2 protein chains.
Amino acid sequence: MTDPLPSWNDVPAKQAIVSFVKQTTTKGNPKFVEPEERIATFDQDGTLWVEQPTYSQVMFTFDQLGVMAAKDPKLKDVEPFKTVLSGDNAAIGKLGVPELLKVVALTHSGTTVEVFQKTAHDWITTAQHPRFKRLYTDLVYQPMLEVMQYIRANGYKTFIVTGGGQDFVRTYSERVYGVSRDHVVGSAGGISFSYDETGKAILIKDPTLLWIDDKTAKPVDIHLMIGRRPVMAFGNADGDQAMLEYTQAGEGARFMLLVHHDDATREYAYGPESKLSPFSDALRIRANKSGWVVISMKNDWKRIFAFD
Amino acid sequence: MTDPLPSWNDVPAKQAIVSFVKQTTTKGNPKFVEPEERIATFDQDGTLWVEQPTYSQVMFTFDQLGVMAAKDPKLKDVEPFKTVLSGDNAAIGKLGVPELLKVVALTHSGTTVEVFQKTAHDWITTAQHPRFKRLYTDLVYQPMLEVMQYIRANGYKTFIVTGGGQDFVRTYSERVYGVSRDHVVGSAGGISFSYDETGKAILIKDPTLLWIDDKTAKPVDIHLMIGRRPVMAFGNADGDQAMLEYTQAGEGARFMLLVHHDDATREYAYGPESKLSPFSDALRIRANKSGWVVISMKNDWKRIFAFD
């Protein structure tokens, strides 16, 4: 028997995953799940790859603003672009979500969807993480990749359900996670149908926001885009709570898992014990009460990255 | 060699489909399409099943209004419900889209997504078509089912892209078309996340409209839900023009097909030659100019339904 999860230590969480998959895919088992119902949803930032010191898409957004300001220096005089372009991290850290969304709107609109895809692709295949000095896509958690591969081999469809922009994540999801573009559910901006100067049909990215795929929007968008309640759900933050609750509330076997970041040496430590954690103490209490699996990156994962 | 399309006569349209699939799936062929890019989109009403004398979902909507009025007779005094409940087809035919959407909003909201699924399932597995006296799902076009099966066997993903409600179509798409729920893109209403009285996470259908998946919304929703430009697209009406244009405007090999309803004996005849056709003369001219395949149900299809 080959170990399907070689990057995991032999811990209860690993046994729980393997046991759940065996039970739900064995005909006659009381926990058997029909193939068409085998839906698994994964948060991305902090669940599938590093989200510290900030989301990689925020880094992309700020880099793009720099590229735009080089062509249009007037942006340097207009807030909130001025603050972001200043590079003053303390001031940038004080910007609110509406200000950040203005930067996202500017840098994620005004081109065809294909031009945006190329811009995002060029960035993600060259930009480096400030601490690890590697591509962001090298900072995917190997143990979670193994879970995705293992459950797909057992008939589960794996969906990414992320607060990140789906147009951004889709540029690398197939190559990095083996997740096709139509299996990426994320935040989305408006799109306009139009014709170019030669009469060809094109889609243009608008600066409008359709939805932010976080918190209670995650189960809503899962229904809109997938149309089924997940059987397995994986997250790491308060923004994933509603997705795990919705998963658990279905009939029959269900599996919910949270990643606890407690490994400052190999990755980062920012669990419920840290002040500004996206994984609050309330979520920890909810997870315990509901019997969700909470994994310790430090204790449960033999290695974190493929390069470890 | 087994014929993959036995319900088609040996006509140019059939040869075009088979030739396209062979070229796009043969490595080394200049028209070869990478597996992840093999996306095919199908309109539903009039392309995959009968849409006359009216869309089956409209029949469902009116039937549901009757069920609701039996419990709440006051509905009979309020327009536009009063007109629909009168059964006066001439008056009903004069109702505008905003009035019809009020009936849809009322009959498609106020329950959990699961209760709606059960209601739709119970209807679609019992309600009969007024002319054929058969289930609506028996009135699927056998030649198109064969196309879907044939191209799936060659690595294409088949998506339904319909003006119908995706929550409605998803209740039978897997069983009838072999199309999983997440491969159904359709019109959509709002959804609210909530908890029931036992504290379980639920999703409730709202009376708000998110989008009508028709005309230029089809390519937009294809981008939102699928994230790739289709390589093959199938439709039958003006509402599909933008989808076919968007498909054709991509680089490399593309295939666009329209179904022309010209068989009053076996199905219906309502092509460009008829006055209130959803397939206008402008669309016919566009199809000819663009080299789209237009199939004649009368001449190209050996049989129309599986029961023929």
# chains A, B, ... in the order shown; residues from 1 in each chain; ligands from 1

call {"tool": "residues_around", "arguments": {"residues": "B:His121", "least_positions_apart": "3", "cutoff": "9 Å", "atoms": "only C-alpha atoms", "output": "PyMOL selection string"}}
result
chain B and resi 116-118+124-126+168+171-172

call {"tool": "write_last_selection", "arguments": {"atoms": "all heavy atoms", "output": "PDB file, in the first residue's frame"}}
result
ATOM      1  N   PHE B 116     -36.755  23.775  -2.778  1.00  0.00           N
ATOM      2  CA  PHE B 116     -37.036  24.132  -4.172  1.00  0.00           C
ATOM      3  C   PHE B 116     -36.628  23.007  -5.114  1.00  0.00           C
ATOM      4  O   PHE B 116     -37.351  22.672  -6.062  1.00  0.00           O
ATOM      5  CB  PHE B 116     -36.315  25.428  -4.570  1.00  0.00           C
ATOM      6  CG  PHE B 116     -36.549  25.775  -6.014  1.00  0.00           C
ATOM      7  CD1 PHE B 116     -37.731  26.389  -6.415  1.00  0.00           C
ATOM      8  CD2 PHE B 116     -35.619  25.438  -6.987  1.00  0.00           C
ATOM      9  CE1 PHE B 116     -37.975  26.672  -7.751  1.00  0.00           C
ATOM     10  CE2 PHE B 116     -35.848  25.714  -8.326  1.00  0.00           C
ATOM     11  CZ  PHE B 116     -37.022  26.334  -8.706  1.00  0.00           C
ATOM     12  N   GLN B 117     -35.469  22.412  -4.846  1.00  0.00           N
ATOM     13  CA  GLN B 117     -35.006  21.304  -5.690  1.00  0.00           C
ATOM     14  C   GLN B 117     -36.025  20.170  -5.698  1.00  0.00           C
ATOM     15  O   GLN B 117     -36.327  19.583  -6.741  1.00  0.00           O
ATOM     16  CB  GLN B 117     -33.651  20.775  -5.187  1.00  0.00           C
ATOM     17  CG  GLN B 117     -32.459  21.576  -5.691  1.00  0.00           C
ATOM     18  CD  GLN B 117     -31.207  21.403  -4.835  1.00  0.00           C
ATOM     19  OE1 GLN B 117     -31.171  20.571  -3.931  1.00  0.00           O
ATOM     20  NE2 GLN B 117     -30.186  22.193  -5.117  1.00  0.00           N
ATOM     21  N   LYS B 118     -36.588  19.864  -4.535  1.00  0.00           N
ATOM     22  CA  LYS B 118     -37.557  18.775  -4.454  1.00  0.00           C
ATOM     23  C   LYS B 118     -38.836  19.133  -5.209  1.00  0.00           C
ATOM     24  O   LYS B 118     -39.399  18.309  -5.933  1.00  0.00           O
ATOM     25  CB  LYS B 118     -37.871  18.448  -2.992  1.00  0.00           C
ATOM     26  CG  LYS B 118     -38.662  17.154  -2.874  1.00  0.00           C
ATOM     27  CD  LYS B 118     -39.067  16.782  -1.480  1.00  0.00           C
ATOM     28  CE  LYS B 118     -39.933  15.524  -1.475  1.00  0.00           C
ATOM     29  NZ  LYS B 118     -40.970  15.470  -2.518  1.00  0.00           N
ATOM     30  N   ILE B 124     -40.929  17.955 -12.611  1.00  0.00           N
ATOM     31  CA  ILE B 124     -40.316  17.523 -13.879  1.00  0.00           C
ATOM     32  C   ILE B 124     -40.444  16.008 -14.070  1.00  0.00           C
ATOM     33  O   ILE B 124     -40.378  15.514 -15.207  1.00  0.00           O
ATOM     34  CB  ILE B 124     -38.840  17.981 -13.965  1.00  0.00           C
ATOM     35  CG1 ILE B 124     -38.317  17.975 -15.415  1.00  0.00           C
ATOM     36  CG2 ILE B 124     -37.912  17.135 -13.098  1.00  0.00           C
ATOM     37  CD1 ILE B 124     -38.762  19.134 -16.242  1.00  0.00           C
ATOM     38  N   THR B 125     -40.644  15.261 -12.993  1.00  0.00           N
ATOM     39  CA  THR B 125     -40.780  13.806 -13.125  1.00  0.00           C
ATOM     40  C   THR B 125     -42.240  13.370 -13.268  1.00  0.00           C
ATOM     41  O   THR B 125     -42.509  12.165 -13.332  1.00  0.00           O
ATOM     42  CB  THR B 125     -40.141  13.081 -11.922  1.00  0.00           C
ATOM     43  OG1 THR B 125     -40.669  13.636 -10.709  1.00  0.00           O
ATOM     44  CG2 THR B 125     -38.620  13.234 -11.930  1.00  0.00           C
ATOM     45  N   THR B 126     -43.168  14.350 -13.327  1.00  0.00           N
ATOM     46  CA  THR B 126     -44.585  13.982 -13.468  1.00  0.00           C
ATOM     47  C   THR B 126     -45.326  14.808 -14.521  1.00  0.00           C
ATOM     48  O   THR B 126     -46.219  14.291 -15.198  1.00  0.00           O
ATOM     49  CB  THR B 126     -45.334  14.154 -12.129  1.00  0.00           C
ATOM     50  OG1 THR B 126     -45.097  15.472 -11.630  1.00  0.00           O
ATOM     51  CG2 THR B 126     -44.873  13.122 -11.107  1.00  0.00           C
ATOM     52  N   PHE B 168     -33.368  25.312 -11.429  1.00  0.00           N
ATOM     53  CA  PHE B 168     -34.370  24.436 -12.025  1.00  0.00           C
ATOM     54  C   PHE B 168     -33.689  23.362 -12.883  1.00  0.00           C
ATOM     55  O   PHE B 168     -33.898  22.162 -12.692  1.00  0.00           O
ATOM     56  CB  PHE B 168     -35.324  25.280 -12.868  1.00  0.00           C
ATOM     57  CG  PHE B 168     -36.424  24.512 -13.557  1.00  0.00           C
ATOM     58  CD1 PHE B 168     -37.544  24.084 -12.862  1.00  0.00           C
ATOM     59  CD2 PHE B 168     -36.331  24.226 -14.914  1.00  0.00           C
ATOM     60  CE1 PHE B 168     -38.559  23.380 -13.500  1.00  0.00           C
ATOM     61  CE2 PHE B 168     -37.342  23.520 -15.560  1.00  0.00           C
ATOM     62  CZ  PHE B 168     -38.451  23.097 -14.853  1.00  0.00           C
ATOM     63  N   THR B 171     -31.767  20.317 -11.390  1.00  0.00           N
ATOM     64  CA  THR B 171     -32.451  19.189 -10.742  1.00  0.00           C
ATOM     65  C   THR B 171     -32.512  17.957 -11.646  1.00  0.00           C
ATOM     66  O   THR B 171     -32.766  16.860 -11.165  1.00  0.00           O
ATOM     67  CB  THR B 171     -33.882  19.568 -10.294  1.00  0.00           C
ATOM     68  OG1 THR B 171     -34.644  19.943 -11.435  1.00  0.00           O
ATOM     69  CG2 THR B 171     -33.867  20.701  -9.294  1.00  0.00           C
ATOM     70  N   TYR B 172     -32.308  18.143 -12.977  1.00  0.00           N
ATOM     71  CA  TYR B 172     -32.379  16.981 -13.876  1.00  0.00           C
ATOM     72  C   TYR B 172     -31.206  16.906 -14.852  1.00  0.00           C
ATOM     73  O   TYR B 172     -31.117  15.967 -15.645  1.00  0.00           O
ATOM     74  CB  TYR B 172     -33.711  16.997 -14.664  1.00  0.00           C
ATOM     75  CG  TYR B 172     -33.933  18.264 -15.462  1.00  0.00           C
ATOM     76  CD1 TYR B 172     -33.377  18.424 -16.718  1.00  0.00           C
ATOM     77  CD2 TYR B 172     -34.678  19.317 -14.940  1.00  0.00           C
ATOM     78  CE1 TYR B 172     -33.549  19.593 -17.436  1.00  0.00           C
ATOM     79  CE2 TYR B 172     -34.860  20.499 -15.659  1.00  0.00           C
ATOM     80  CZ  TYR B 172     -34.299  20.624 -16.902  1.00  0.00           C
ATOM     81  OH  TYR B 172     -34.474  21.796 -17.591  1.00  0.00           O
TER      82      TYR B 172
END

call {"tool": "calpha_fit_and_write", "arguments": {"fixed": "chain B", "moving": "chain A", "output": "CSV table (one decimal) with C-alpha atoms, in the first residue's frame"}}
result
chain,number,residue,atom,x,y,z
A,1,MET,CA,-16.1,1.8,-36.7
A,2,THR,CA,-19.3,2.5,-34.7
A,3,ASP,CA,-21.2,5.5,-35.8
A,4,PRO,CA,-21.1,8.1,-33.0
A,5,LEU,CA,-24.1,10.0,-34.3
A,6,PRO,CA,-26.6,7.3,-35.4
A,7,SER,CA,-29.7,9.6,-35.2
A,8,TRP,CA,-28.2,12.0,-37.8
A,9,ASN,CA,-28.6,11.5,-41.5
A,10,ASP,CA,-25.4,11.4,-43.5
A,11,VAL,CA,-25.4,15.2,-44.1
A,12,PRO,CA,-22.7,17.9,-44.2
A,13,ALA,CA,-23.5,19.0,-40.7
A,14,LYS,CA,-22.8,15.6,-39.3
A,15,GLN,CA,-19.6,15.3,-41.3
A,16,ALA,CA,-18.6,18.8,-40.0
A,17,ILE,CA,-19.0,17.7,-36.4
A,18,VAL,CA,-17.1,14.5,-36.7
A,19,SER,CA,-14.4,16.1,-38.7
A,20,PHE,CA,-14.0,19.0,-36.2
A,21,VAL,CA,-13.8,16.6,-33.2
A,22,LYS,CA,-11.2,14.4,-35.0
A,23,GLN,CA,-9.0,17.4,-36.0
A,24,THR,CA,-9.1,19.1,-32.6
A,25,THR,CA,-8.3,15.9,-30.7
A,26,THR,CA,-5.5,14.6,-33.0
A,27,LYS,CA,-2.0,15.6,-31.7
A,28,GLY,CA,0.0,17.2,-34.5
A,29,ASN,CA,-3.1,18.4,-36.4
A,30,PRO,CA,-3.0,22.2,-36.9
A,31,LYS,CA,-6.4,22.4,-35.4
A,32,PHE,CA,-5.4,20.4,-32.2
A,33,VAL,CA,-7.0,21.9,-29.0
A,34,GLU,CA,-5.4,21.2,-25.6
A,35,PRO,CA,-7.6,19.1,-23.4
A,36,GLU,CA,-8.1,21.8,-20.8
A,37,GLU,CA,-9.4,24.1,-23.5
A,38,ARG,CA,-12.1,21.7,-24.8
A,39,ILE,CA,-15.1,23.6,-23.7
A,40,ALA,CA,-18.5,23.2,-25.4
A,41,THR,CA,-21.6,25.2,-24.5
A,42,PHE,CA,-25.2,24.3,-25.3
A,43,ASP,CA,-28.2,26.5,-25.1
A,44,GLN,CA,-31.1,24.4,-23.7
A,45,ASP,CA,-34.6,25.4,-24.8
A,46,GLY,CA,-35.0,24.8,-28.5
A,47,THR,CA,-31.4,23.4,-28.8
A,48,LEU,CA,-31.5,20.4,-26.5
A,49,TRP,CA,-35.2,20.0,-25.9
A,50,VAL,CA,-38.6,21.3,-27.1
A,51,GLU,CA,-39.4,24.9,-26.3
A,52,GLN,CA,-42.9,25.0,-27.8
A,53,PRO,CA,-45.6,26.0,-27.1
A,54,THR,CA,-43.7,27.6,-24.3
A,55,TYR,CA,-40.6,27.0,-22.1
A,56,SER,CA,-41.2,24.1,-19.7
A,57,GLN,CA,-40.0,26.3,-16.8
A,58,VAL,CA,-42.9,28.7,-17.6
A,59,MET,CA,-45.3,25.8,-17.3
A,60,PHE,CA,-43.7,24.9,-14.0
A,61,THR,CA,-44.0,28.5,-12.8
A,62,PHE,CA,-47.7,28.6,-13.7
A,63,ASP,CA,-48.4,25.2,-12.1
A,64,GLN,CA,-46.6,26.4,-8.9
A,65,LEU,CA,-48.7,29.5,-8.8
A,66,GLY,CA,-51.8,27.3,-8.9
A,67,VAL,CA,-50.5,25.3,-6.0
A,68,MET,CA,-49.8,28.5,-4.0
A,69,ALA,CA,-53.1,30.0,-4.8
A,70,ALA,CA,-54.9,26.9,-3.6
A,71,LYS,CA,-53.3,27.6,-0.2
A,72,ASP,CA,-53.5,31.4,-0.4
A,73,PRO,CA,-56.7,32.4,-2.4
A,74,LYS,CA,-55.9,36.1,-2.0
A,75,LEU,CA,-53.4,35.7,-4.9
A,76,LYS,CA,-56.3,35.4,-7.2
A,77,ASP,CA,-57.1,39.0,-6.7
A,78,VAL,CA,-53.7,40.4,-7.3
A,79,GLU,CA,-52.1,41.1,-10.8
A,80,PRO,CA,-50.3,39.6,-12.5
A,81,PHE,CA,-51.2,36.4,-10.6
A,82,LYS,CA,-54.9,37.0,-11.3
A,83,THR,CA,-54.3,36.9,-15.1
A,84,VAL,CA,-52.1,33.8,-15.0
A,85,LEU,CA,-54.5,32.0,-12.7
A,86,SER,CA,-57.4,32.8,-15.1
A,87,GLY,CA,-56.0,30.4,-17.6
A,88,ASP,CA,-56.9,32.9,-20.4
A,89,ASN,CA,-54.1,32.3,-22.8
A,90,ALA,CA,-54.7,35.4,-24.9
A,91,ALA,CA,-54.4,37.6,-21.8
A,92,ILE,CA,-51.4,35.6,-20.4
A,93,GLY,CA,-49.7,36.1,-23.8
A,94,LYS,CA,-50.0,39.8,-23.4
A,95,LEU,CA,-48.1,39.9,-20.1
A,96,GLY,CA,-44.7,41.6,-20.3
A,97,VAL,CA,-41.4,40.2,-19.0
A,98,PRO,CA,-41.6,42.3,-15.8
A,99,GLU,CA,-45.0,40.7,-15.0
A,100,LEU,CA,-43.7,37.2,-15.7
A,101,LEU,CA,-40.7,37.8,-13.6
A,102,LYS,CA,-43.0,38.7,-10.7
A,103,VAL,CA,-44.6,35.3,-11.0
A,104,VAL,CA,-41.1,33.7,-11.2
A,105,ALA,CA,-40.0,35.6,-8.1
A,106,LEU,CA,-43.0,34.5,-6.1
A,107,THR,CA,-42.8,30.8,-7.1
A,108,HIS,CA,-39.0,30.5,-6.9
A,109,SER,CA,-38.3,32.0,-3.5
A,110,GLY,CA,-39.0,31.7,0.2
A,111,THR,CA,-37.8,28.2,0.6
A,112,THR,CA,-34.4,26.5,1.2
A,113,VAL,CA,-32.6,25.5,-2.0
A,114,GLU,CA,-33.3,21.9,-1.1
A,115,VAL,CA,-37.0,22.3,-0.8
A,116,PHE,CA,-37.0,24.1,-4.2
A,117,GLN,CA,-35.0,21.3,-5.7
A,118,LYS,CA,-37.6,18.8,-4.5
A,119,THR,CA,-40.5,20.8,-5.8
A,120,ALA,CA,-38.8,21.1,-9.2
A,121,HIS,CA,-37.9,17.5,-9.2
A,122,ASP,CA,-41.4,16.4,-8.3
A,123,TRP,CA,-42.8,18.5,-11.2
A,124,ILE,CA,-40.3,17.5,-13.9
A,125,THR,CA,-40.8,13.8,-13.1
A,126,THR,CA,-44.6,14.0,-13.5
A,127,ALA,CA,-45.8,17.0,-15.6
A,128,GLN,CA,-46.6,16.3,-19.2
A,129,HIS,CA,-46.2,18.2,-22.4
A,130,PRO,CA,-49.6,19.3,-23.7
A,131,ARG,CA,-49.1,18.0,-27.3
A,132,PHE,CA,-46.9,15.0,-26.8
A,133,LYS,CA,-48.4,13.8,-23.5
A,134,ARG,CA,-45.0,12.8,-22.3
A,135,LEU,CA,-42.6,14.1,-19.6
A,136,TYR,CA,-40.7,17.2,-20.8
A,137,THR,CA,-37.5,15.2,-20.2
A,138,ASP,CA,-38.6,12.7,-22.9
A,139,LEU,CA,-38.6,15.6,-25.3
A,140,VAL,CA,-34.8,15.9,-25.4
A,141,TYR,CA,-33.4,15.8,-28.9
A,142,GLN,CA,-31.6,12.4,-29.3
A,143,PRO,CA,-29.2,13.7,-32.0
A,144,MET,CA,-28.0,16.4,-29.6
A,145,LEU,CA,-27.6,13.9,-26.8
A,146,GLU,CA,-25.4,11.9,-29.1
A,147,VAL,CA,-23.3,15.0,-29.9
A,148,MET,CA,-22.8,15.6,-26.2
A,149,GLN,CA,-21.8,12.0,-25.5
A,150,TYR,CA,-19.5,11.9,-28.5
A,151,ILE,CA,-17.6,15.1,-27.7
A,152,ARG,CA,-17.4,14.2,-24.0
A,153,ALA,CA,-15.8,10.9,-25.1
A,154,ASN,CA,-13.3,13.0,-26.9
A,155,GLY,CA,-12.3,15.1,-23.8
A,156,TYR,CA,-14.7,18.0,-24.3
A,157,LYS,CA,-16.5,19.3,-21.2
A,158,THR,CA,-20.2,20.0,-22.0
A,159,PHE,CA,-21.8,23.0,-20.3
A,160,ILE,CA,-25.5,24.0,-20.6
A,161,VAL,CA,-25.8,27.8,-20.9
A,162,THR,CA,-29.4,28.6,-20.7
A,163,GLY,CA,-31.9,31.4,-20.1
A,164,GLY,CA,-33.7,29.0,-17.8
A,165,GLY,CA,-33.0,29.1,-14.1
A,166,GLN,CA,-29.9,27.2,-13.1
A,167,ASP,CA,-31.6,25.9,-9.9
A,168,PHE,CA,-34.4,24.4,-12.0
A,169,VAL,CA,-32.2,22.9,-14.7
A,170,ARG,CA,-29.7,21.4,-12.2
A,171,THR,CA,-32.4,19.2,-10.7
A,172,TYR,CA,-32.4,17.0,-13.9
A,173,SER,CA,-29.2,17.9,-15.8
A,174,GLU,CA,-27.1,15.0,-14.6
A,175,ARG,CA,-29.8,12.4,-15.2
A,176,VAL,CA,-31.1,13.7,-18.5
A,177,TYR,CA,-28.0,15.1,-20.2
A,178,GLY,CA,-25.1,13.6,-18.2
A,179,VAL,CA,-24.2,17.2,-17.3
A,180,SER,CA,-23.2,17.8,-13.7
A,181,ARG,CA,-24.8,20.6,-11.7
A,182,ASP,CA,-21.6,22.7,-11.8
A,183,HIS,CA,-21.7,22.6,-15.6
A,184,VAL,CA,-25.1,24.3,-15.7
A,185,VAL,CA,-24.9,28.1,-16.3
A,186,GLY,CA,-28.3,29.8,-16.2
A,187,SER,CA,-30.4,32.6,-14.9
A,188,ALA,CA,-30.1,33.0,-11.2
A,189,GLY,CA,-31.9,34.6,-8.3
A,190,GLY,CA,-30.5,35.8,-5.0
A,191,ILE,CA,-29.6,33.5,-2.2
A,192,SER,CA,-29.3,34.2,1.5
A,193,PHE,CA,-27.3,32.4,4.1
A,194,SER,CA,-29.1,31.8,7.4
A,195,TYR,CA,-29.6,29.3,10.2
A,196,ASP,CA,-32.7,27.3,10.8
A,197,GLU,CA,-34.4,26.9,14.3
A,198,THR,CA,-32.0,24.1,15.2
A,199,GLY,CA,-29.0,26.3,14.4
A,200,LYS,CA,-28.1,24.5,11.1
A,201,ALA,CA,-26.7,26.6,8.2
A,202,ILE,CA,-29.2,26.9,5.4
A,203,LEU,CA,-29.5,28.8,2.1
A,204,ILE,CA,-32.8,30.5,1.3
A,205,LYS,CA,-34.0,31.5,-2.2
A,206,ASP,CA,-34.7,35.2,-2.4
A,207,PRO,CA,-37.2,36.9,-4.8
A,208,THR,CA,-34.4,39.1,-6.2
A,209,LEU,CA,-33.0,38.5,-9.7
A,210,LEU,CA,-29.2,38.3,-10.1
A,211,TRP,CA,-29.0,37.9,-13.8
A,212,ILE,CA,-31.0,36.6,-16.8
A,213,ASP,CA,-28.6,34.4,-18.8
A,214,ASP,CA,-29.5,35.5,-22.3
A,215,LYS,CA,-28.0,37.4,-25.2
A,216,THR,CA,-24.7,39.2,-24.2
A,217,ALA,CA,-25.1,37.9,-20.7
A,218,LYS,CA,-24.3,34.4,-22.0
A,219,PRO,CA,-20.6,35.1,-22.8
A,220,VAL,CA,-20.3,37.2,-19.6
A,221,ASP,CA,-21.7,34.3,-17.5
A,222,ILE,CA,-19.5,31.8,-19.4
A,223,HIS,CA,-16.5,33.8,-18.2
A,224,LEU,CA,-17.8,34.1,-14.7
A,225,MET,CA,-18.7,30.5,-14.2
A,226,ILE,CA,-16.4,28.6,-16.6
A,227,GLY,CA,-13.5,31.1,-17.1
A,228,ARG,CA,-12.7,29.9,-20.6
A,229,ARG,CA,-13.9,30.8,-24.1
A,230,PRO,CA,-15.8,27.9,-25.6
A,231,VAL,CA,-14.4,26.0,-28.6
A,232,MET,CA,-17.8,24.7,-29.6
A,233,ALA,CA,-21.1,26.4,-29.2
A,234,PHE,CA,-24.7,25.3,-30.0
A,235,GLY,CA,-27.8,27.4,-30.0
A,236,ASN,CA,-31.1,28.0,-31.9
A,237,ALA,CA,-32.1,31.6,-31.3
A,238,ASP,CA,-31.2,35.3,-31.3
A,239,GLY,CA,-30.4,34.9,-27.6
A,240,ASP,CA,-27.5,32.7,-28.5
A,241,GLN,CA,-25.9,35.0,-31.1
A,242,ALA,CA,-23.4,36.7,-28.7
A,243,MET,CA,-22.4,33.2,-27.3
A,244,LEU,CA,-21.6,32.0,-30.8
A,245,GLU,CA,-19.8,35.3,-31.7
A,246,TYR,CA,-17.7,35.1,-28.6
A,247,THR,CA,-16.9,31.5,-29.4
A,248,GLN,CA,-15.8,32.2,-32.9
A,249,ALA,CA,-13.7,35.2,-32.0
A,250,GLY,CA,-11.2,33.0,-30.1
A,251,GLU,CA,-7.9,31.9,-31.8
A,252,GLY,CA,-7.6,28.5,-33.4
A,253,ALA,CA,-10.3,26.0,-34.3
A,254,ARG,CA,-13.9,26.9,-33.4
A,255,PHE,CA,-17.3,25.3,-34.2
A,256,MET,CA,-20.7,27.1,-34.1
A,257,LEU,CA,-24.0,25.5,-34.8
A,258,LEU,CA,-27.6,26.7,-34.9
A,259,VAL,CA,-30.7,24.4,-34.8
A,260,HIS,CA,-33.4,25.5,-37.4
A,261,HIS,CA,-36.9,24.3,-36.4
A,262,ASP,CA,-38.5,23.4,-39.7
A,263,ASP,CA,-40.3,20.1,-38.9
A,264,ALA,CA,-43.9,20.8,-38.0
A,265,THR,CA,-44.8,17.1,-38.3
A,266,ARG,CA,-42.3,15.6,-35.9
A,267,GLU,CA,-41.7,18.8,-33.7
A,268,TYR,CA,-42.4,22.4,-34.6
A,269,ALA,CA,-41.6,24.8,-37.5
A,270,TYR,CA,-40.7,28.4,-36.4
A,271,GLY,CA,-37.6,29.4,-38.2
A,272,PRO,CA,-36.7,32.8,-39.8
A,273,GLU,CA,-39.7,32.4,-42.1
A,274,SER,CA,-42.2,32.6,-39.3
A,275,LYS,CA,-43.2,35.9,-37.8
A,276,LEU,CA,-42.6,35.6,-34.0
A,277,SER,CA,-39.5,33.4,-34.4
A,278,PRO,CA,-36.7,33.5,-31.8
A,279,PHE,CA,-34.5,32.8,-34.8
A,280,SER,CA,-34.7,36.1,-36.8
A,281,ASP,CA,-33.7,36.7,-40.3
A,282,ALA,CA,-30.9,38.9,-39.0
A,283,LEU,CA,-29.5,35.8,-37.2
A,284,ARG,CA,-29.8,33.8,-40.4
A,285,ILE,CA,-27.8,36.4,-42.3
A,286,ARG,CA,-25.2,36.5,-39.5
A,287,ALA,CA,-24.9,32.7,-39.6
A,288,ASN,CA,-24.4,32.6,-43.3
A,289,LYS,CA,-21.8,35.4,-43.3
A,290,SER,CA,-19.9,33.8,-40.4
A,291,GLY,CA,-20.0,30.2,-41.8
A,292,TRP,CA,-21.9,28.8,-38.8
A,293,VAL,CA,-23.5,25.4,-39.4
A,294,VAL,CA,-27.3,25.7,-39.5
A,295,ILE,CA,-29.0,22.3,-39.2
A,296,SER,CA,-32.4,21.4,-40.5
A,297,MET,CA,-34.3,19.3,-38.0
A,298,LYS,CA,-36.4,18.0,-40.9
A,299,ASN,CA,-33.6,17.0,-43.2
A,300,ASP,CA,-30.6,16.4,-40.9
A,301,TRP,CA,-32.1,14.4,-38.1
A,302,LYS,CA,-33.1,10.7,-38.7
A,303,ARG,CA,-35.1,10.8,-35.5
A,304,ILE,CA,-35.7,13.6,-33.1
A,305,PHE,CA,-36.7,11.9,-29.9
A,306,ALA,CA,-35.5,8.7,-28.3
A,307,PHE,CA,-39.0,7.3,-28.5
A,308,ASP,CA,-39.2,8.0,-32.3

call {"tool": "select_by_dssp", "arguments": {"residues": "stretch 16-131 of chain A", "states": "strand (DSSP E)", "output": "list in words"}}
result
Ile39, Ala40, Thr41 and Phe42 of chain A

call {"tool": "select_by_dssp", "arguments": {"residues": "stretch 86-245 of chain A", "states": "helix (DSSP H, G or I)", "output": "JSON, numbers by chain"}}
result
{"A": [86, 89, 90, 91, 92, 93, 97, 98, 99, 100, 101, 102, 103, 104, 105, 106, 107, 113, 114, 115, 116, 117, 118, 119, 120, 121, 122, 123, 124, 136, 137, 138, 139, 142, 143, 144, 145, 146, 147, 148, 149, 150, 151, 152, 153, 166, 167, 168, 169, 173, 174, 175, 176, 177, 181, 182, 183, 217, 218, 219, 220, 221, 222, 223, 224, 225, 238, 239, 240, 241, 242, 243, 244, 245]}
